[in-house]
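**Student:** Contents of start-v2.csv (CSV, C-alpha atoms):
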chain,number,residue,atom,x,y,z
A,155,MET,CA,-12.3,-22.2,-8.8
A,156,ARG,CA,-11.5,-25.3,-6.7
A,157,PHE,CA,-8.8,-26.4,-9.2
A,158,GLY,CA,-7.4,-22.8,-9.4
A,159,ALA,CA,-7.3,-22.5,-5.6
A,160,TRP,CA,-5.5,-25.8,-5.3
A,161,LEU,CA,-2.9,-24.6,-7.8
A,162,GLY,CA,-2.7,-21.2,-6.0
A,163,ARG,CA,-2.1,-22.9,-2.6
A,164,LEU,CA,0.6,-25.0,-4.2
A,165,PHE,CA,2.3,-21.9,-5.6
A,166,LEU,CA,2.1,-20.0,-2.3
A,167,LYS,CA,3.8,-22.8,-0.4
A,168,LYS,CA,7.0,-21.5,-1.9
A,169,TYR,CA,6.4,-18.2,0.0
A,170,VAL,CA,4.7,-19.2,3.3
A,171,TYR,CA,5.0,-22.0,5.8
A,172,SER,CA,1.3,-22.3,6.5
A,173,VAL,CA,-2.0,-20.3,6.3
A,174,GLN,CA,-4.5,-20.9,9.1
A,175,VAL,CA,-8.2,-20.0,8.2
A,176,ILE,CA,-10.6,-19.4,11.1
A,177,GLY,CA,-14.4,-18.9,10.4
A,178,LYS,CA,-14.4,-20.3,6.8
A,179,ASP,CA,-18.0,-21.5,7.3
A,180,HIS,CA,-19.1,-17.8,7.6
A,181,LEU,CA,-18.7,-17.6,3.8
A,182,GLN,CA,-22.0,-19.3,3.0
A,183,LYS,CA,-24.0,-19.1,-0.2
A,184,GLY,CA,-25.5,-15.7,-1.1
A,185,PRO,CA,-24.2,-12.2,-1.7
A,186,ALA,CA,-22.0,-10.4,0.8
A,187,LEU,CA,-19.4,-7.7,0.9
A,188,ILE,CA,-16.0,-8.7,2.4
A,189,VAL,CA,-14.1,-5.9,4.0
A,190,MET,CA,-10.5,-6.9,4.7
A,191,ASN,CA,-7.4,-5.2,6.2
A,192,HIS,CA,-4.5,-4.6,3.8
A,193,SER,CA,-1.0,-5.5,4.7
A,194,ASN,CA,0.7,-6.7,1.4
A,195,VAL,CA,0.0,-7.1,-2.3
A,196,PHE,CA,-0.7,-10.8,-1.9
A,197,ASP,CA,-3.7,-10.3,0.4
A,198,PRO,CA,-6.4,-11.1,-2.2
A,199,LEU,CA,-4.6,-14.3,-3.2
A,200,PHE,CA,-4.2,-15.6,0.3
A,201,LEU,CA,-8.0,-15.1,1.0
A,202,ALA,CA,-9.3,-16.4,-2.4
A,203,PHE,CA,-7.0,-19.5,-2.5
A,204,HIS,CA,-7.8,-20.6,1.0
A,205,VAL,CA,-11.6,-20.3,1.1
A,206,ASP,CA,-12.3,-22.1,-2.3
A,207,LYS,CA,-14.9,-19.5,-3.3
A,208,PRO,CA,-15.0,-17.0,-6.2
A,209,ILE,CA,-14.4,-13.5,-4.7
A,210,HIS,CA,-14.6,-10.3,-6.9
A,211,PHE,CA,-12.1,-7.9,-5.5
A,212,LEU,CA,-11.9,-4.1,-6.1
A,213,VAL,CA,-8.4,-3.8,-7.7
A,214,THR,CA,-6.6,-0.6,-8.5
A,215,GLN,CA,-6.8,0.3,-12.2
A,216,PRO,CA,-3.0,0.3,-13.1
A,217,PHE,CA,-2.7,-3.3,-12.0
A,218,MET,CA,-5.7,-4.3,-14.1
A,219,SER,CA,-4.4,-2.7,-17.3
A,220,GLU,CA,-0.7,-3.4,-17.6
A,221,ARG,CA,0.1,-7.1,-17.1
A,222,PHE,CA,-1.0,-10.4,-18.6
A,223,ILE,CA,-1.9,-11.8,-15.2
A,224,ALA,CA,-4.1,-8.8,-14.6
A,225,ARG,CA,-6.0,-9.6,-17.8
A,226,VAL,CA,-6.6,-13.1,-16.3
A,227,PHE,CA,-7.8,-11.5,-13.1
A,228,ALA,CA,-10.3,-9.4,-15.2
A,229,TRP,CA,-11.5,-12.5,-17.0
A,230,LEU,CA,-12.1,-14.0,-13.5
A,231,GLY,CA,-14.3,-11.1,-12.6
A,232,GLN,CA,-12.0,-8.8,-10.7
A,233,ILE,CA,-13.2,-5.2,-10.7
A,234,PRO,CA,-10.9,-2.3,-11.7
A,235,LYS,CA,-11.1,0.9,-9.6
A,236,ARG,CA,-9.7,4.4,-10.3
A,237,LYS,CA,-8.2,5.8,-7.2
A,238,LEU,CA,-8.9,9.4,-6.1
A,239,ASP,CA,-12.2,9.3,-8.1
A,240,PHE,CA,-15.8,8.3,-7.4
A,241,ASP,CA,-15.7,5.5,-9.9
A,242,THR,CA,-19.3,4.8,-10.7
A,243,ARG,CA,-18.5,2.0,-13.1
A,244,SER,CA,-16.8,-0.1,-10.5
A,245,ILE,CA,-19.6,0.5,-8.0
A,246,ARG,CA,-22.2,-0.7,-10.6
A,247,LEU,CA,-20.1,-3.8,-11.3
A,248,MET,CA,-20.0,-4.6,-7.6
A,249,LYS,CA,-23.8,-4.2,-7.4
A,250,GLU,CA,-24.3,-6.5,-10.4
A,251,TRP,CA,-22.1,-9.2,-8.9
A,252,CYS,CA,-24.1,-9.0,-5.6
A,253,GLU,CA,-27.4,-9.3,-7.5
A,254,LEU,CA,-26.0,-12.5,-9.0
A,255,GLY,CA,-25.4,-13.8,-5.5
A,256,SER,CA,-21.6,-13.4,-5.5
A,257,LEU,CA,-19.0,-12.3,-2.9
A,258,VAL,CA,-17.4,-8.9,-3.5
A,259,ALA,CA,-14.4,-7.6,-1.5
A,260,VAL,CA,-12.8,-4.2,-0.8
A,261,PHE,CA,-9.7,-3.0,1.2
A,262,PRO,CA,-11.0,0.2,2.8
A,263,GLU,CA,-7.5,1.4,3.7
A,264,GLY,CA,-6.7,1.6,0.0
A,265,GLY,CA,-3.0,1.0,0.7
A,266,PHE,CA,-0.4,-0.4,3.1
A,267,GLY,CA,1.0,1.0,6.3
A,268,TRP,CA,4.8,1.0,6.3
A,269,ASP,CA,5.2,-0.9,9.5
A,270,GLY,CA,2.0,-3.0,9.8
A,271,TYR,CA,-0.1,-0.4,11.6
A,272,PRO,CA,-3.5,0.3,9.9
A,273,VAL,CA,-3.9,3.4,7.9
A,274,PRO,CA,-7.1,5.6,7.8
A,275,PHE,CA,-10.0,4.4,5.6
A,276,LYS,CA,-10.6,6.0,2.3
A,277,PRO,CA,-13.9,7.9,2.2
A,278,GLY,CA,-17.1,6.3,1.0
A,279,LEU,CA,-17.2,2.9,2.8
A,280,LYS,CA,-20.5,3.6,4.6
A,281,GLN,CA,-22.2,4.8,1.4
A,282,LEU,CA,-21.0,1.7,-0.5
A,283,ILE,CA,-22.4,-0.6,2.2
A,284,ASN,CA,-25.8,1.1,2.2
A,285,TYR,CA,-25.9,1.0,-1.6
A,286,LEU,CA,-25.0,-2.7,-2.0
A,287,ASN,CA,-27.5,-3.6,0.8
A,288,VAL,CA,-25.9,-7.0,1.5
A,289,PRO,CA,-24.4,-8.4,4.7
A,290,VAL,CA,-20.8,-7.4,5.6
A,291,ILE,CA,-18.1,-9.9,6.5
A,292,THR,CA,-15.0,-8.5,8.1
A,293,VAL,CA,-11.7,-10.4,7.6
A,294,ARG,CA,-8.3,-9.9,9.2
A,295,LEU,CA,-5.0,-11.2,7.9
A,296,ILE,CA,-2.6,-11.6,10.8
A,297,ASN,CA,1.2,-11.4,10.4
A,298,GLY,CA,0.8,-10.1,6.8
A,299,ASP,CA,3.1,-7.2,7.4
A,300,ARG,CA,6.0,-9.5,8.1
A,301,PHE,CA,5.5,-11.5,4.8
A,302,TRP,CA,6.3,-8.7,2.4
A,303,PRO,CA,6.7,-5.1,3.8
A,304,PRO,CA,5.6,-2.4,1.3
A,305,TRP,CA,9.2,-0.9,1.1
A,306,ALA,CA,11.0,-4.3,0.7
A,307,LYS,CA,12.2,-5.9,-2.6
A,308,HIS,CA,11.9,-9.4,-1.3
A,309,HIS,CA,9.4,-11.5,0.7
A,310,ARG,CA,10.1,-13.1,4.1
A,311,LYS,CA,8.9,-16.6,4.7
A,312,THR,CA,6.5,-16.9,7.6
A,313,SER,CA,3.1,-18.2,8.6
A,314,LEU,CA,-0.2,-16.4,8.3
A,315,ARG,CA,-3.7,-16.5,9.9
A,316,ILE,CA,-7.0,-15.4,8.3
A,317,GLU,CA,-9.9,-14.7,10.7
A,318,ILE,CA,-13.3,-14.4,9.1
A,319,ASP,CA,-16.2,-12.9,11.1
A,320,ALA,CA,-19.9,-13.8,10.9
A,321,PRO,CA,-21.9,-11.7,8.4
A,322,LYS,CA,-23.5,-8.6,9.8
A,323,TYR,CA,-26.4,-6.5,8.5
A,324,PHE,CA,-26.1,-2.7,9.0
A,325,LYS,CA,-28.9,-0.2,9.3
A,326,PRO,CA,-28.2,3.2,7.6
A,327,GLU,CA,-28.1,5.0,11.0
A,328,GLU,CA,-25.4,2.7,12.5
A,329,GLU,CA,-21.8,3.8,13.1
A,330,ILE,CA,-20.6,1.5,10.3
A,331,GLU,CA,-17.0,2.7,9.8
A,332,ALA,CA,-16.2,2.8,13.5
A,333,TYR,CA,-17.4,-0.8,13.9
A,334,ILE,CA,-15.4,-2.0,10.9
A,335,ALA,CA,-12.3,-0.1,11.9
A,336,GLU,CA,-12.4,-1.9,15.3
A,337,LYS,CA,-12.8,-5.3,13.6
A,338,LEU,CA,-10.0,-4.7,11.1
A,339,THR,CA,-7.5,-3.2,13.4
A,340,VAL,CA,-4.4,-5.5,13.7
A,341,ASN,CA,-1.9,-4.1,16.2
A,342,PRO,CA,1.5,-5.4,15.1
A,343,GLU,CA,2.8,-5.2,18.7
A,344,THR,CA,0.0,-7.3,20.3
A,345,CYS,CA,-1.4,-9.5,17.6
A,346,LEU,CA,-0.5,-13.2,17.1
A,347,ARG,CA,3.0,-13.5,15.6
A,348,PHE,CA,4.8,-16.3,13.8
A,349,PRO,CA,8.6,-16.7,13.2
A,350,SER,CA,9.9,-15.2,10.0
A,351,LYS,CA,13.0,-15.9,7.9
A,352,GLY,CA,14.6,-14.1,5.0
A,353,THR,CA,17.7,-13.0,3.2
A,354,ASP,CA,18.8,-9.5,2.0
A,355,LEU,CA,16.4,-8.0,4.5
A,356,ALA,CA,17.8,-4.5,4.1
A,357,VAL,CA,17.3,-4.4,0.4
A,358,GLY,CA,14.7,-1.6,-0.4
A,359,LEU,CA,15.6,0.6,2.5
A,360,LYS,CA,18.1,2.7,0.6
A,361,GLN,CA,15.4,3.8,-1.9
A,362,PHE,CA,12.6,4.0,0.7
A,363,LEU,CA,14.5,6.3,3.2
A,364,ARG,CA,16.9,8.0,0.7
A,365,PHE,CA,18.4,10.2,3.5
A,366,CYS,CA,20.6,8.8,6.3
A,367,PRO,CA,18.3,8.8,9.5
A,368,GLN,CA,21.4,9.7,11.6
A,369,CYS,CA,23.1,12.5,9.8
A,370,GLY,CA,20.5,13.5,7.2
A,371,MET,CA,22.9,13.2,4.2
A,372,ASP,CA,21.1,12.7,0.9
A,373,ASP,CA,21.8,9.5,-1.1
A,374,SER,CA,24.5,8.3,1.3
A,375,LEU,CA,22.9,4.9,2.3
A,376,HIS,CA,24.2,1.6,1.2
A,377,GLU,CA,22.5,-1.8,1.4
A,378,CYS,CA,24.5,-4.9,2.1
A,379,GLY,CA,22.5,-8.0,2.8
A,380,ASP,CA,20.7,-7.5,6.1
A,381,GLU,CA,22.7,-4.3,6.9
A,382,LEU,CA,22.2,-0.6,6.1
A,383,LEU,CA,25.2,1.7,6.1
A,384,CYS,CA,25.8,5.4,5.8
A,385,ARG,CA,28.8,6.0,3.6
A,386,ASP,CA,29.3,9.6,4.6
A,387,SER,CA,32.8,9.8,6.2
A,388,SER,CA,31.5,12.0,9.0
A,389,CYS,CA,28.8,9.5,10.0
A,390,LEU,CA,29.4,5.9,9.0
A,391,HIS,CA,26.4,4.8,11.0
A,392,HIS,CA,25.4,1.1,10.8
A,393,TRP,CA,22.0,-0.7,11.3
A,394,LYS,CA,21.1,-4.3,11.0
A,395,ILE,CA,17.5,-5.4,10.2
A,396,ASN,CA,15.9,-8.6,11.2
A,397,ALA,CA,12.9,-10.6,9.7
A,398,GLU,CA,10.6,-8.8,12.1
A,399,ASN,CA,11.4,-5.5,10.3
A,400,ILE,CA,13.3,-4.0,13.3
A,401,LEU,CA,16.5,-2.0,12.8
A,402,HIS,CA,19.2,-2.6,15.4
A,403,ASP,CA,21.4,0.5,15.8
A,404,LYS,CA,24.8,-1.0,16.5
A,405,LYS,CA,26.3,2.2,17.8
A,406,HIS,CA,23.7,3.0,20.4
A,407,GLY,CA,22.4,-0.6,21.0
A,408,THR,CA,18.8,0.4,20.4
A,409,ASN,CA,16.0,-1.2,18.3
A,410,LEU,CA,14.0,1.0,15.9
A,411,LYS,CA,10.8,0.5,14.0
A,412,ILE,CA,10.6,1.5,10.4
A,413,THR,CA,8.2,4.3,11.2
A,414,ASN,CA,10.7,5.8,13.8
A,415,VAL,CA,13.5,5.7,11.2
A,416,LEU,CA,11.3,7.4,8.6
A,417,GLN,CA,10.3,10.1,11.1
A,418,SER,CA,14.1,10.8,11.7
A,419,VAL,CA,14.4,11.4,7.9
A,420,HIS,CA,11.4,13.8,8.0
A,421,LYS,CA,13.0,15.7,10.9
A,422,HIS,CA,16.2,16.2,9.0
A,423,LEU,CA,14.3,17.5,5.9
A,424,ARG,CA,12.4,20.0,8.1
A,425,GLN,CA,15.6,21.2,9.6
A,426,GLN,CA,17.1,21.7,6.1
A,427,TRP,CA,14.0,23.7,5.0
A,428,LEU,CA,14.3,26.0,8.0
A,429,LYS,CA,17.7,27.1,6.7
A,430,SER,CA,16.7,27.6,3.1
A,431,GLN,CA,13.8,27.6,0.7
A,432,ILE,CA,12.1,24.2,0.1
A,433,TYR,CA,13.6,22.4,-2.8
A,434,PHE,CA,13.5,18.7,-3.6
A,435,ARG,CA,14.7,16.8,-6.7
A,436,SER,CA,14.3,13.2,-7.7
A,437,ILE,CA,17.3,10.9,-7.9
A,438,GLY,CA,16.2,9.3,-11.2
A,439,SER,CA,14.1,10.1,-14.2
A,440,VAL,CA,10.3,10.0,-13.8
A,441,ASP,CA,7.4,9.8,-16.3
A,442,VAL,CA,4.4,12.1,-16.0
A,443,LEU,CA,1.1,10.7,-17.3
A,444,ASP,CA,-2.3,12.3,-17.8
A,445,CYS,CA,-4.8,9.8,-16.4
A,446,THR,CA,-7.9,12.0,-16.5
A,447,ARG,CA,-9.4,9.8,-19.2
A,448,LYS,CA,-9.5,6.0,-19.5
A,449,GLU,CA,-6.6,6.0,-21.9
A,450,TRP,CA,-3.5,7.4,-20.2
A,451,CYS,CA,-1.4,9.9,-22.1
A,452,HIS,CA,2.3,10.4,-21.6
A,453,LEU,CA,3.2,14.1,-20.9
A,454,GLN,CA,6.8,14.3,-20.0
A,455,SER,CA,9.9,12.5,-18.8
A,456,GLY,CA,12.9,13.8,-16.9
A,457,PHE,CA,13.9,14.7,-13.3
A,458,LEU,CA,11.1,15.8,-11.0
A,459,GLU,CA,11.7,19.0,-9.1
A,460,LEU,CA,9.7,20.7,-6.3
A,461,LYS,CA,10.7,24.4,-6.7
A,462,ASP,CA,8.8,27.6,-6.0
A,463,ASN,CA,5.8,25.6,-4.8
A,464,GLN,CA,5.5,23.9,-8.1
A,465,LEU,CA,6.2,20.3,-9.4
A,466,ILE,CA,8.3,20.6,-12.5
A,467,VAL,CA,9.5,18.1,-15.1
A,468,ASN,CA,11.1,20.0,-18.0
A,469,GLU,CA,8.2,22.0,-19.6
A,470,TRP,CA,5.5,20.3,-17.5
A,471,HIS,CA,4.6,22.0,-14.2
A,472,LEU,CA,1.9,21.8,-11.6
A,473,PRO,CA,1.3,24.3,-8.8
A,474,ILE,CA,1.2,22.6,-5.4
A,475,ASN,CA,-1.8,24.7,-4.3
A,476,GLU,CA,-3.9,23.1,-7.1
A,477,ILE,CA,-3.5,19.6,-5.7
A,478,THR,CA,-6.7,18.5,-3.9
A,479,ALA,CA,-5.7,14.8,-3.1
A,480,LEU,CA,-2.7,12.5,-3.6
A,481,THR,CA,-2.0,8.8,-3.0
A,482,LEU,CA,0.4,6.0,-3.9
A,483,ASP,CA,-0.6,3.4,-6.5
A,484,TRP,CA,0.6,0.1,-8.0
A,485,GLY,CA,3.5,0.3,-10.4
A,486,ASN,CA,5.7,2.9,-8.6
A,487,LEU,CA,3.0,5.5,-9.2
A,488,LEU,CA,2.3,8.7,-7.3
A,489,LEU,CA,-1.3,9.9,-8.1
A,490,LEU,CA,-2.3,13.5,-7.9
A,491,ARG,CA,-5.7,15.0,-8.4
A,492,THR,CA,-6.6,18.6,-9.1
A,493,ARG,CA,-10.0,20.2,-9.8
A,494,ARG,CA,-9.4,19.7,-13.6
A,495,GLU,CA,-7.3,16.6,-14.0
A,496,ARG,CA,-5.6,13.5,-12.6
A,497,VAL,CA,-1.9,13.0,-13.0
A,498,ALA,CA,0.2,9.9,-12.4
A,499,ILE,CA,4.0,10.2,-11.8
A,500,ARG,CA,5.9,7.0,-12.3
A,501,MET,CA,9.1,7.0,-10.2
A,502,PRO,CA,10.9,3.7,-10.3
A,503,LEU,CA,14.1,4.9,-8.6
A,504,ASP,CA,12.7,7.3,-6.0
A,505,SER,CA,11.0,7.1,-2.6
A,506,ARG,CA,7.3,7.7,-3.2
A,507,ALA,CA,6.9,7.8,0.6
A,508,LEU,CA,9.2,10.8,0.8
A,509,TRP,CA,7.6,12.6,-2.2
A,510,GLU,CA,4.1,12.1,-0.7
A,511,PHE,CA,5.4,13.5,2.6
A,512,VAL,CA,7.1,16.5,0.9
A,513,ILE,CA,4.1,17.5,-1.1
A,514,LYS,CA,1.8,17.2,1.9
A,515,GLU,CA,4.2,19.4,3.9
A,516,VAL,CA,4.2,22.1,1.3
A,517,ILE,CA,0.4,22.0,1.0
A,518,THR,CA,0.0,22.5,4.8
A,519,ILE,CA,2.5,25.4,4.9
How does this structure look as structure tokens?

**Tutor:**
Amino acid sequence: MRFGAWLGRLFLKKYVYSVQVIGKDHLQKGPALIVMNHSNVFDPLFLAFHVDKPIHFLVTQPFMSERFIARVFAWLGQIPKRKLDFDTRSIRLMKEWCELGSLVAVFPEGGFGWDGYPVPFKPGLKQLINYLNVPVITVRLINGDRFWPPWAKHHRKTSLRIEIDAPKYFKPEEEIEAYIAEKLTVNPETCLRFPSKGTDLAVGLKQFLRFCPQCGMDDSLHECGDELLCRDSSCLHHWKINAENILHDKKHGTNLKITNVLQSVHKHLRQQWLKSQIYFRSIGSVDVLDCTRKEWCHLQSGFLELKDNQLIVNEWHLPINEITALTLDWGNLLLLRTRRERVAIRMPLDSRALWEFVIKEVITI
């Protein structure tokens, strides 16, 4: 592990200026559950490589089944987890590692916020802590949202800080989730910040937003280095993004957060739906996969449509009212759960953020 961590730190120097670690001595011998905030896909590597201790992370199943590096991770004891399911196998594996005196780790958010703000915890954290019956160590990664935003295609080079708290034992009656939420909250406006640098900073926004935030025109955005343009002749709006992920509106002289820009897109969609029946279509082809069982099965490929309160890809269709939960997953996946099955829709060319929003809107209507 020491040799691997040294190689890992050497590899990460290509991506970050420095990584400060505060409280490393809290990771002493003996079992513990590490609970960490989640800001980018490299979070597990930053922690594991800079504390020189084997840590067994709960990792989403698609990542642990598709790539060679994922097989290496499995060989090193990382634990695959099925999202949207109570995965008893992964919980048992965590318990077994704890009984061997190891460190196990989870990201209770289960995903990234688009602008660095924390997202709500997935259910079951309190039950997991009570079941494992080991001390809990809360860990915060500071400035991680500037390193590689979830919507971006490229990383930004910056510095990071890892803060490790002392182990804490919980009693079953304690307000566990409230305590951990307070410990893991990293406010991007008030937390410690480090300078960031990068190129092609706007790349990824065209796919992420899809609609022009100013005029609402579909598929009218164009990326050019650090700038985002609307090509519609009646709009021609222009934004420039910096390494802090702030969009500068050149016409109005205002600075906008990614969340504010995405909310503008949501507003345009709602206005369109007031004028006509809700209809939404993917820009590119998607793959529909049945992931109810361990071995995933390909069902259909083609353009995804939301029409007549149904998701449709050629002959495959799923009524919206049958969906009980949905989330985003590794590998451009949108996961859907019904009472009978789990479905994964792989959409490499579309904004999964918008599809998640659209489906949730239809469910609530």

**Student:** Just to confirm, what's the straight-line distance from CA of Ala507 in chain A to CA of Thr408 in chain A in Å (one decimal)?

**Tutor:**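 Distance reported for this atom pair: 24.3 Å.
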
**Student:** Applying 7 Å and only C-alpha atoms, which residues near range 359-362 of chain A remain after dropping the ones on its own chain fewer than 2 positions away? List them as a list in words.

**Tutor:**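 Residues near the query, excluding close chain neighbours: Trp305, Ala306, Ala356, Val357, Arg364, Leu375, His376, Glu377, Leu503, Asp504, Ser505 and Ala507 of chain A.
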
**Student:** Any idea what's packed within 8 Å of range 292-300 of chain A, counting all atoms listed in the file, ignoring anything in its chain fewer than 5 positions away? Could you give it as a PDB file with C-alpha atoms, keeping the file's coordinate frame?

**Tutor:**
ATOM      1  CA  ILE A 188     -16.000  -8.700   2.400  1.00  0.00           C
ATOM      2  CA  VAL A 189     -14.100  -5.900   4.000  1.00  0.00           C
ATOM      3  CA  MET A 190     -10.500  -6.900   4.700  1.00  0.00           C
ATOM      4  CA  ASN A 191      -7.400  -5.200   6.200  1.00  0.00           C
ATOM      5  CA  HIS A 192      -4.500  -4.600   3.800  1.00  0.00           C
ATOM      6  CA  SER A 193      -1.000  -5.500   4.700  1.00  0.00           C
ATOM      7  CA  ASN A 194       0.700  -6.700   1.400  1.00  0.00           C
ATOM      8  CA  ASP A 197      -3.700 -10.300   0.400  1.00  0.00           C
ATOM      9  CA  ASP A 269       5.200  -0.900   9.500  1.00  0.00           C
ATOM     10  CA  GLY A 270       2.000  -3.000   9.800  1.00  0.00           C
ATOM     11  CA  ARG A 310      10.100 -13.100   4.100  1.00  0.00           C
ATOM     12  CA  THR A 312       6.500 -16.900   7.600  1.00  0.00           C
ATOM     13  CA  SER A 313       3.100 -18.200   8.600  1.00  0.00           C
ATOM     14  CA  LEU A 314      -0.200 -16.400   8.300  1.00  0.00           C
ATOM     15  CA  ARG A 315      -3.700 -16.500   9.900  1.00  0.00           C
ATOM     16  CA  ILE A 316      -7.000 -15.400   8.300  1.00  0.00           C
ATOM     17  CA  GLU A 317      -9.900 -14.700  10.700  1.00  0.00           C
ATOM     18  CA  ILE A 318     -13.300 -14.400   9.100  1.00  0.00           C
ATOM     19  CA  ASP A 319     -16.200 -12.900  11.100  1.00  0.00           C
ATOM     20  CA  ALA A 320     -19.900 -13.800  10.900  1.00  0.00           C
ATOM     21  CA  PRO A 321     -21.900 -11.700   8.400  1.00  0.00           C
ATOM     22  CA  ILE A 334     -15.400  -2.000  10.900  1.00  0.00           C
ATOM     23  CA  LYS A 337     -12.800  -5.300  13.600  1.00  0.00           C
ATOM     24  CA  LEU A 338     -10.000  -4.700  11.100  1.00  0.00           C
ATOM     25  CA  THR A 339      -7.500  -3.200  13.400  1.00  0.00           C
ATOM     26  CA  VAL A 340      -4.400  -5.500  13.700  1.00  0.00           C
ATOM     27  CA  PRO A 342       1.500  -5.400  15.100  1.00  0.00           C
ATOM     28  CA  CYS A 345      -1.400  -9.500  17.600  1.00  0.00           C
ATOM     29  CA  LEU A 346      -0.500 -13.200  17.100  1.00  0.00           C
ATOM     30  CA  ARG A 347       3.000 -13.500  15.600  1.00  0.00           C
ATOM     31  CA  PHE A 348       4.800 -16.300  13.800  1.00  0.00           C
ATOM     32  CA  SER A 350       9.900 -15.200  10.000  1.00  0.00           C
ATOM     33  CA  ALA A 397      12.900 -10.600   9.700  1.00  0.00           C
ATOM     34  CA  GLU A 398      10.600  -8.800  12.100  1.00  0.00           C
ATOM     35  CA  ASN A 399      11.400  -5.500  10.300  1.00  0.00           C
TER      36      ASN A 399
END

**Student:** Between CA of Ala224 in chain A and CA of Arg236 in chain A, what is the distance in Å, rounded to a tenth?

**Tutor:**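 Rounded to one decimal, the two atoms are 15.0 Å apart.
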
**Student:** Take CA of Leu458 in chain A and CA of Ser439 in chain A and report the distance between them in Å, one decimal.

**Tutor:**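 Taking CA of Leu458 in chain A and CA of Ser439 in chain A, their separation equals 7.2 Å.
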
**Student:** Tell me which of A:Phe261, A:Trp268, A:Phe275, A:Phe324 sits closest to His210 in chain A, counting only C-alpha atoms.

**Tutor:**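 So, comparing all the options, the nearest one is A:Phe261.
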
**Student:** Neighbouring residues of Lys237 in chain A were defined as those with any atom within 9 Å, considering only C-alpha atoms; residues of the same chain fewer than 5 positions away were excluded. Please report them as a VMD selection string.

**Tutor:** chain A and resid 214 to 215 264 481 483 489

**Student:** Give me range 289-301 of chain A with N, CA and C atoms filled in, as a PDB file, in the coordinates of the input.

**Tutor:**
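Ended up saving to part_23.pdb:
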ATOM      1  N   PRO A 289     -25.116  -8.283   3.460  1.00  0.00           N
ATOM      2  CA  PRO A 289     -24.400  -8.400   4.700  1.00  0.00           C
ATOM      3  C   PRO A 289     -22.881  -8.169   4.522  1.00  0.00           C
ATOM      4  N   VAL A 290     -22.245  -7.706   5.588  1.00  0.00           N
ATOM      5  CA  VAL A 290     -20.800  -7.400   5.600  1.00  0.00           C
ATOM      6  C   VAL A 290     -20.054  -8.420   6.379  1.00  0.00           C
ATOM      7  N   ILE A 291     -18.976  -8.938   5.792  1.00  0.00           N
ATOM      8  CA  ILE A 291     -18.100  -9.900   6.500  1.00  0.00           C
ATOM      9  C   ILE A 291     -16.737  -9.282   6.644  1.00  0.00           C
ATOM     10  N   THR A 292     -16.323  -9.057   7.879  1.00  0.00           N
ATOM     11  CA  THR A 292     -15.000  -8.500   8.100  1.00  0.00           C
ATOM     12  C   THR A 292     -13.967  -9.603   8.229  1.00  0.00           C
ATOM     13  N   VAL A 293     -12.779  -9.353   7.631  1.00  0.00           N
ATOM     14  CA  VAL A 293     -11.700 -10.400   7.600  1.00  0.00           C
ATOM     15  C   VAL A 293     -10.401  -9.706   7.970  1.00  0.00           C
ATOM     16  N   ARG A 294      -9.656 -10.399   8.823  1.00  0.00           N
ATOM     17  CA  ARG A 294      -8.300  -9.900   9.200  1.00  0.00           C
ATOM     18  C   ARG A 294      -7.254 -10.904   8.806  1.00  0.00           C
ATOM     19  N   LEU A 295      -6.216 -10.364   8.172  1.00  0.00           N
ATOM     20  CA  LEU A 295      -5.000 -11.200   7.900  1.00  0.00           C
ATOM     21  C   LEU A 295      -3.985 -10.830   8.925  1.00  0.00           C
ATOM     22  N   ILE A 296      -3.569 -11.833   9.679  1.00  0.00           N
ATOM     23  CA  ILE A 296      -2.600 -11.600  10.800  1.00  0.00           C
ATOM     24  C   ILE A 296      -1.217 -12.015  10.310  1.00  0.00           C
ATOM     25  N   ASN A 297      -0.250 -11.174  10.650  1.00  0.00           N
ATOM     26  CA  ASN A 297       1.200 -11.400  10.400  1.00  0.00           C
ATOM     27  C   ASN A 297       1.533 -11.055   8.909  1.00  0.00           C
ATOM     28  N   GLY A 298       0.586 -10.459   8.156  1.00  0.00           N
ATOM     29  CA  GLY A 298       0.800 -10.100   6.800  1.00  0.00           C
ATOM     30  C   GLY A 298       1.936  -9.103   6.559  1.00  0.00           C
ATOM     31  N   ASP A 299       2.117  -8.202   7.551  1.00  0.00           N
ATOM     32  CA  ASP A 299       3.100  -7.200   7.400  1.00  0.00           C
ATOM     33  C   ASP A 299       4.542  -7.732   7.435  1.00  0.00           C
ATOM     34  N   ARG A 300       4.712  -8.910   8.030  1.00  0.00           N
ATOM     35  CA  ARG A 300       6.000  -9.500   8.100  1.00  0.00           C
ATOM     36  C   ARG A 300       6.315 -10.347   6.792  1.00  0.00           C
ATOM     37  N   PHE A 301       5.274 -10.643   6.044  1.00  0.00           N
ATOM     38  CA  PHE A 301       5.500 -11.500   4.800  1.00  0.00           C
ATOM     39  C   PHE A 301       6.183 -10.665   3.750  1.00  0.00           C
TER      40      PHE A 301
END
